[in-house]
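Novice: Starting off with a structure, shown below.
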2 protein chains.
Amino acid sequence: MANEKVFKALADPTRRKILRLLSSGELTAGQLTSHFDISAPSMSHHFNILKNADLVFVRREGQQLYYSLNTTVFQDLMTVLLDIFSQPENGEKK
Amino acid sequence: MANEKVFKALADPTRRKILRLLSSGELTAGQLTSHFDISAPSMSHHFNILKNADLVFVRREGQQLYYSLNTTVFQDLMTVLLDIFSQPENGEKK
DNA sequence: GGTATATTTAGAGAGTTGTCTAAATACCTA
DNA sequence: TAGGTATTTAGACAACTCTCTAAATATACC
């Protein structure tokens, strides 16, 4: 569900950039971290928030953790936004 | 533009509910406030954040301030979200 | 002007968030 | 088992956010 956690997760620019990076395909925690001037623990904190919002998947391969986008939550998010921003048609009850 | 301020504004459930209420048409500050168990000054604070994010319009009529939805920002928001969540097609560069 | 209503501004306080360093855990290779 | 790399967990701290009460501003009406 596109709930509280999803909106909170999207409220931070670092996390939105992480998602944009992942839109091209999965990346390891280290690869993602190299795109930022932020410590690894701070990045890990962001990964956690994204994971808890179900915006990303993780899988381990050896020492590395691969993060990838969970696009199904995006569908729900769009539904919520459409509900918020849709204007009622003439005569339509909302 | 669907920027930082828009995402921050959407991160709060009270503000999302305000937007949902406005999706049926404009309402005064007082009418909006009556839907919440929150003081008028706190509501005013939320109105301000929504205004600064260009998510709502305001107009005064006598003693009342009427708030209404600015749906144009919604377009931009959708564009940003599509950019974040779109997966590249086969062979497509992203 | 004086009073009432609608709403905002000012300022304070508790809770949340993003960042850091230090330490721990997980896995690999020898 | 030991050492190295990848990543997370723990704990602390400054900054930001949401809420409140009190006071100010804006408008209407008598």
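A note on labels: chains of the structure tokens are A, B, ... as shown, every chain counts residues from 1, and ligands are counted from 1 in their shown order.
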Select all residues from chain B having any atom no more than 10 Å from an atom of chain A (counting only C-alpha atoms, ignoring ligands), output as JSON, numbers by chain.

Specialist: {"B": [3, 4, 5, 6, 7, 8, 9, 10, 11, 12, 13, 16, 17, 18, 19, 20, 21, 22, 23, 24, 25, 55, 69, 70, 71, 72, 73, 74, 75, 77, 78, 80, 81, 82, 83, 84, 85, 86, 87, 88, 89, 92, 93, 94]}

Novice: Please find the residues of chain C near chain A - the criterion being any atom within 12 Å, counting only C-alpha atoms (C1' of nucleotides) - and write them as a list of chain:residue names.

Specialist: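 Listing them in order of chain and number gives C:DT16, C:DT17, C:DG18, C:DT19, C:DC20, C:DT21, C:DA22, C:DA23, C:DT25, C:DA26, C:DC27, C:DC28.
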
Novice: Those residues with N, CA and C atoms (P, O5', C5', C4', C3', O3' and C1' of nucleotides), as a PDB file, in the first residue's frame please?

Specialist:
ATOM      1  P    DT C  16       8.239  10.397  17.968  1.00  0.00           P
ATOM      2  O5'  DT C  16       8.973  11.015  16.694  1.00  0.00           O
ATOM      3  C5'  DT C  16       8.221  11.855  15.808  1.00  0.00           C
ATOM      4  C4'  DT C  16       9.122  12.286  14.670  1.00  0.00           C
ATOM      5  C3'  DT C  16       9.923  11.148  14.025  1.00  0.00           C
ATOM      6  O3'  DT C  16       9.781  11.289  12.614  1.00  0.00           O
ATOM      7  C1'  DT C  16      11.381  12.905  14.668  1.00  0.00           C
ATOM      8  P    DT C  17      10.480  10.267  11.615  1.00  0.00           P
ATOM      9  O5'  DT C  17      11.784  11.087  11.209  1.00  0.00           O
ATOM     10  C5'  DT C  17      11.622  12.374  10.624  1.00  0.00           C
ATOM     11  C4'  DT C  17      12.968  12.876  10.142  1.00  0.00           C
ATOM     12  C3'  DT C  17      13.819  11.838   9.405  1.00  0.00           C
ATOM     13  O3'  DT C  17      14.340  12.472   8.253  1.00  0.00           O
ATOM     14  C1'  DT C  17      15.051  12.779  11.193  1.00  0.00           C
ATOM     15  P    DG C  18      15.033  11.692   7.073  1.00  0.00           P
ATOM     16  O5'  DG C  18      16.547  12.169   7.215  1.00  0.00           O
ATOM     17  C5'  DG C  18      16.855  13.533   6.990  1.00  0.00           C
ATOM     18  C4'  DG C  18      18.327  13.752   7.302  1.00  0.00           C
ATOM     19  C3'  DG C  18      19.265  12.749   6.632  1.00  0.00           C
ATOM     20  O3'  DG C  18      20.364  13.455   6.076  1.00  0.00           O
ATOM     21  C1'  DG C  18      19.577  12.724   8.981  1.00  0.00           C
ATOM     22  P    DT C  19      21.463  12.731   5.185  1.00  0.00           P
ATOM     23  O5'  DT C  19      22.726  12.645   6.143  1.00  0.00           O
ATOM     24  C5'  DT C  19      23.379  13.838   6.548  1.00  0.00           C
ATOM     25  C4'  DT C  19      24.190  13.633   7.794  1.00  0.00           C
ATOM     26  C3'  DT C  19      25.216  12.498   7.745  1.00  0.00           C
ATOM     27  O3'  DT C  19      26.409  12.921   7.137  1.00  0.00           O
ATOM     28  C1'  DT C  19      24.146  12.653   9.879  1.00  0.00           C
ATOM     29  P    DC C  20      27.637  11.895   6.872  1.00  0.00           P
ATOM     30  O5'  DC C  20      28.319  11.722   8.307  1.00  0.00           O
ATOM     31  C5'  DC C  20      28.799  12.877   9.013  1.00  0.00           C
ATOM     32  C4'  DC C  20      29.215  12.492  10.432  1.00  0.00           C
ATOM     33  C3'  DC C  20      30.175  11.306  10.466  1.00  0.00           C
ATOM     34  O3'  DC C  20      31.494  11.749  10.667  1.00  0.00           O
ATOM     35  C1'  DC C  20      28.360  11.017  12.031  1.00  0.00           C
ATOM     36  P    DT C  21      32.686  10.660  10.494  1.00  0.00           P
ATOM     37  O5'  DT C  21      32.746   9.939  11.912  1.00  0.00           O
ATOM     38  C5'  DT C  21      33.020  10.683  13.111  1.00  0.00           C
ATOM     39  C4'  DT C  21      33.086   9.741  14.307  1.00  0.00           C
ATOM     40  C3'  DT C  21      34.113   8.603  14.171  1.00  0.00           C
ATOM     41  O3'  DT C  21      34.716   8.385  15.453  1.00  0.00           O
ATOM     42  C1'  DT C  21      31.961   7.675  14.429  1.00  0.00           C
ATOM     43  P    DA C  22      35.880   7.297  15.629  1.00  0.00           P
ATOM     44  O5'  DA C  22      35.082   6.054  16.251  1.00  0.00           O
ATOM     45  C5'  DA C  22      34.306   6.259  17.430  1.00  0.00           C
ATOM     46  C4'  DA C  22      33.739   4.922  17.879  1.00  0.00           C
ATOM     47  C3'  DA C  22      34.711   3.747  17.754  1.00  0.00           C
ATOM     48  O3'  DA C  22      34.566   2.920  18.914  1.00  0.00           O
ATOM     49  C1'  DA C  22      32.768   3.302  16.504  1.00  0.00           C
ATOM     50  P    DA C  23      35.413   1.546  19.066  1.00  0.00           P
ATOM     51  O5'  DA C  23      34.300   0.438  18.745  1.00  0.00           O
ATOM     52  C5'  DA C  23      33.061   0.501  19.447  1.00  0.00           C
ATOM     53  C4'  DA C  23      32.110  -0.537  18.886  1.00  0.00           C
ATOM     54  C3'  DA C  23      32.718  -1.936  18.775  1.00  0.00           C
ATOM     55  O3'  DA C  23      31.821  -2.855  19.369  1.00  0.00           O
ATOM     56  C1'  DA C  23      31.715  -1.297  16.729  1.00  0.00           C
ATOM     57  P    DT C  25      27.887  -9.058  16.914  1.00  0.00           P
ATOM     58  O5'  DT C  25      27.607  -9.344  15.372  1.00  0.00           O
ATOM     59  C5'  DT C  25      26.449  -8.764  14.769  1.00  0.00           C
ATOM     60  C4'  DT C  25      26.517  -8.955  13.271  1.00  0.00           C
ATOM     61  C3'  DT C  25      26.776 -10.401  12.836  1.00  0.00           C
ATOM     62  O3'  DT C  25      25.692 -10.769  12.014  1.00  0.00           O
ATOM     63  C1'  DT C  25      28.125  -8.893  11.634  1.00  0.00           C
ATOM     64  P    DA C  26      25.501 -12.284  11.487  1.00  0.00           P
ATOM     65  O5'  DA C  26      26.036 -12.190   9.989  1.00  0.00           O
ATOM     66  C5'  DA C  26      25.477 -11.228   9.108  1.00  0.00           C
ATOM     67  C4'  DA C  26      26.156 -11.361   7.758  1.00  0.00           C
ATOM     68  C3'  DA C  26      26.507 -12.807   7.404  1.00  0.00           C
ATOM     69  O3'  DA C  26      26.089 -13.024   6.063  1.00  0.00           O
ATOM     70  C1'  DA C  26      28.436 -11.440   7.250  1.00  0.00           C
ATOM     71  P    DC C  27      26.028 -14.521   5.433  1.00  0.00           P
ATOM     72  O5'  DC C  27      27.311 -14.536   4.481  1.00  0.00           O
ATOM     73  C5'  DC C  27      27.377 -13.569   3.439  1.00  0.00           C
ATOM     74  C4'  DC C  27      28.807 -13.459   2.968  1.00  0.00           C
ATOM     75  C3'  DC C  27      29.433 -14.791   2.556  1.00  0.00           C
ATOM     76  O3'  DC C  27      29.663 -14.737   1.157  1.00  0.00           O
ATOM     77  C1'  DC C  27      30.939 -13.424   3.788  1.00  0.00           C
ATOM     78  P    DC C  28      30.175 -15.976   0.323  1.00  0.00           P
ATOM     79  O5'  DC C  28      31.734 -15.646   0.110  1.00  0.00           O
ATOM     80  C5'  DC C  28      32.086 -14.443  -0.578  1.00  0.00           C
ATOM     81  C4'  DC C  28      33.586 -14.264  -0.503  1.00  0.00           C
ATOM     82  C3'  DC C  28      34.373 -15.509  -0.928  1.00  0.00           C
ATOM     83  O3'  DC C  28      35.225 -15.156  -1.999  1.00  0.00           O
ATOM     84  C1'  DC C  28      35.179 -14.644   1.143  1.00  0.00           C
TER      85       DC C  28
END

Novice: From the list D:DT21, D:DT27, D:DT1, D:DT9, which residue is nearest chain B when using only C-alpha atoms (C1' of nucleotides)?

Specialist: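 Between D:DT21, D:DT27, D:DT1, D:DT9, the residue approaching chain B most closely is D:DT27.
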
Novice: Quick one: everything within 12 Å of D:DA22, counting only C-alpha atoms (C1' of nucleotides), minus sequence neighbours fewer than 3 positions away in the same chain. Send it as an NGL selection string.

Specialist: (:B and (41)) or (:C and (9-12))

Novice: Distance cut-off 8 Å, counting only C-alpha atoms (C1' of nucleotides) - which residues of chain D neighbour chain B? Return them as a list in words.

Specialist: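 The answer, sorted by residue number, is DC18, DT19, DC20, DA26, DT27 and DA28 of chain D.
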
Novice: If DSSP is run on the backbone, what residues of stretch 12-92 of chain A are strand (DSSP E)? A reply as a PyMOL selection string would be ideal.

Specialist: chain A and resi 27-28+56-61+64-69

Novice: Give me the residues within 12 Å of C:DA30 as number ranges by chain, counting only C-alpha atoms (C1' of nucleotides) and dropping any in the same chain fewer than 4 places off.

Specialist: D: 1-4

Novice: Can I get the selected residues back with C-alpha atoms (C1' of nucleotides), as a short mmCIF file (atom, residue, chain, number, x, y, z; two decimals), in the first residue's frame?

Specialist:
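Dumped everything to result_14.cif:
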data_model
loop_
_atom_site.label_atom_id
_atom_site.label_comp_id
_atom_site.auth_asym_id
_atom_site.auth_seq_id
_atom_site.Cartn_x
_atom_site.Cartn_y
_atom_site.Cartn_z
"C1'" DT D 1 41.49 -19.79 12.02
"C1'" DA D 2 42.95 -15.24 10.47
"C1'" DG D 3 42.56 -11.21 7.71
"C1'" DG D 4 40.11 -8.39 4.41
#

Novice: If you measure from atom CA of B:Glu26 to atom CA of B:Tyr66, what distance in Å do you get, rounded to one decimal?

Specialist: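 Distance reported for this atom pair: 6.2 Å.
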
Novice: List every residue of chain A that DSSP, applied to the backbone of this structure, assigns to helix (DSSP H, G or I), and report them as a ChimeraX atom specification.

Specialist: /A:4-10,13-22,29-33,40-52,72-85
